[in-house]
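Engineer: First the structure, which I've put down as structure tokens, then a few questions once you've had a look.
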Amino acid sequence: MSSTDLHLGYLPLIDAAPLFVAQALGFAEEEGLSLQLTPAPSWSTLRDMLGAGQVVAAHMLAPVPIAIAMGLGGGAAPLDALMVLNLNGNSIGVSRDLARRMRANGYDFDFADARAARDALLATATDLRIGVPFAFSSHQALIHYWLRRPDQTLPEGLNIHTVPPPRMVEALAAGEINLFCVGEPRGSVAVERGAGELLLPGAAIWQAAPEKVLAARAGWAEAEPELAGSLMRALWRAGQWLGQPENHSVASELLAAPGRLAVSAEVIERVLTGRILIAPSGEERRVPRFLEFHAGAANFPWRSQAAWIGAQLAARYGLEPSASIEAARAVFRSDLYRQHLHSAGAELPSASDKLEGALSVPTAAASTQGRLILQPDRFFDARIFDPAEPLR
């Protein structure tokens, strides 16, 4: 049986794993697809590749399609987020010098308490130079949410710089930045190379942050419903496979193969299993759900998640909030997810919105098959975002 070639773009990060797994383990072939995967050096390049039609769809930062819909991003082509590829998977780290000073001040790097880490950081450093991979990224949103004052402004002496993930360790080692938030494996590579120490997992700020999405040019999924459905099902099955602990060793070897992530299988497996090495001295922390590919409807594009991202962007850029939030909601295509994933056996929530930050324990939710257990999704400051009253 012949397969249809489908060109997809990605950045070489561990959360691009569903693309590699779908390609290598036959999930795409079962759907009649031959995936051609093209790496990009930066998120802006990948966004432009997608807009120009060089790739049909891409592993993309969740806020990018939302920012474009809100008129941010320099006139980039409109995008849809067809599904979420993963939750979390980011690390926040500091330079060795800053880590040394924080430890001298009594901070123990527990890799869990975001409030304590923030207080220790701001009590130690007055000249934070923060690296994030892109202006419109979950990394930027998490850093702003974690560090900002109640009036939405950041403390004095903070400067945020865009540093593509492949350059993050180099920038840290060179002293261009002294704090970063980046997707794995770049944080672990900073530790491996002795350039820095890890302060927090992104999940310590928001336990269920949508990190990467499958993005496509707006209208493509409607114009090519069979291709879109086949691609979404293949990636959903790949995420389901990745979510099974017994597959982590095989997945790590697959991602470490030549031409993929250019990092060892050992580093990748530590991330997949949530055993994070935080310092060159060998200190390790265990983080359940450090990176989630499937459980708890992780792949469902909740419109309330998009609304939260839209509200954060509107506050940061001084945009009219109501219109921004509505534009954001329309980008997360829960309608297409329902249309194409039902046949794959996906557990589909009965609603497309939920209270973000309300769950502190695994909680049953209404769904098509009655077996959906949503995972904890708390924000570090215990706030709850209600999509019915997003401006409250």
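Residue numbering restarts at 1 for every chain of the structure tokens, chains are lettered A, B, ... in their displayed order, and ligands are numbered from 1 as they appear.
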Please give the complete set of residues from stretch 47-283 of chain A that DSSP, run on the backbone, assigns to helix (DSSP H, G or I), formatted as a count of residues only.

Structural biologist: 103

Engineer: Near A:Leu79, within 6 Å and counting only C-alpha atoms, which residues show up once chain neighbours fewer than 6 positions away are dropped, as a PyMOL selection string?

Structural biologist: chain A and resi 65+216-218

Engineer: List every residue of stretch 271-302 of chain A that DSSP, applied to the backbone of this structure, places in strand (DSSP E), and write the result as a VMD selection string.

Structural biologist: chain A and resid 275 to 277 284 to 286 291 to 292

Engineer: Would you export the selected residues with N, CA and C atoms as a CSV table (one decimal), in the first residue's frame, please?

Structural biologist:
chain,number,residue,atom,x,y,z
A,275,ARG,N,13.6,11.5,36.7
A,275,ARG,CA,14.8,11.4,37.6
A,275,ARG,C,15.8,12.5,37.1
A,276,ILE,N,15.7,13.7,37.6
A,276,ILE,CA,16.4,14.8,37.1
A,276,ILE,C,17.7,15.1,37.8
A,277,LEU,N,18.8,15.1,37.1
A,277,LEU,CA,20.1,15.5,37.7
A,277,LEU,C,20.1,17.0,37.7
A,284,GLU,N,20.3,14.4,42.5
A,284,GLU,CA,19.1,14.0,41.7
A,284,GLU,C,17.8,14.3,42.4
A,285,ARG,N,16.8,14.7,41.7
A,285,ARG,CA,15.5,14.9,42.2
A,285,ARG,C,14.5,14.1,41.4
A,286,ARG,N,13.5,13.6,42.0
A,286,ARG,CA,12.4,12.8,41.3
A,286,ARG,C,11.2,13.7,41.2
A,291,LEU,N,7.3,15.3,32.5
A,291,LEU,CA,6.9,15.5,31.0
A,291,LEU,C,5.8,14.5,30.8
A,292,GLU,N,4.6,15.0,30.4
A,292,GLU,CA,3.5,14.1,30.2
A,292,GLU,C,3.0,14.1,28.7

Engineer: Just how far from atom CA of A:Pro288 is atom CA of A:Ser252, in Å to one decimal?

Structural biologist: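 Separating atom CA of A:Ser252 from atom CA of A:Pro288 is a distance of 17.6 Å.
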
Engineer: Give me the residues within 6 Å of stretch 175-184 of chain A as an MDAnalysis selection string, counting only C-alpha atoms and dropping any in the same chain fewer than 5 places off.

Structural biologist: chainID A and resid 14 89:95 129:132 139
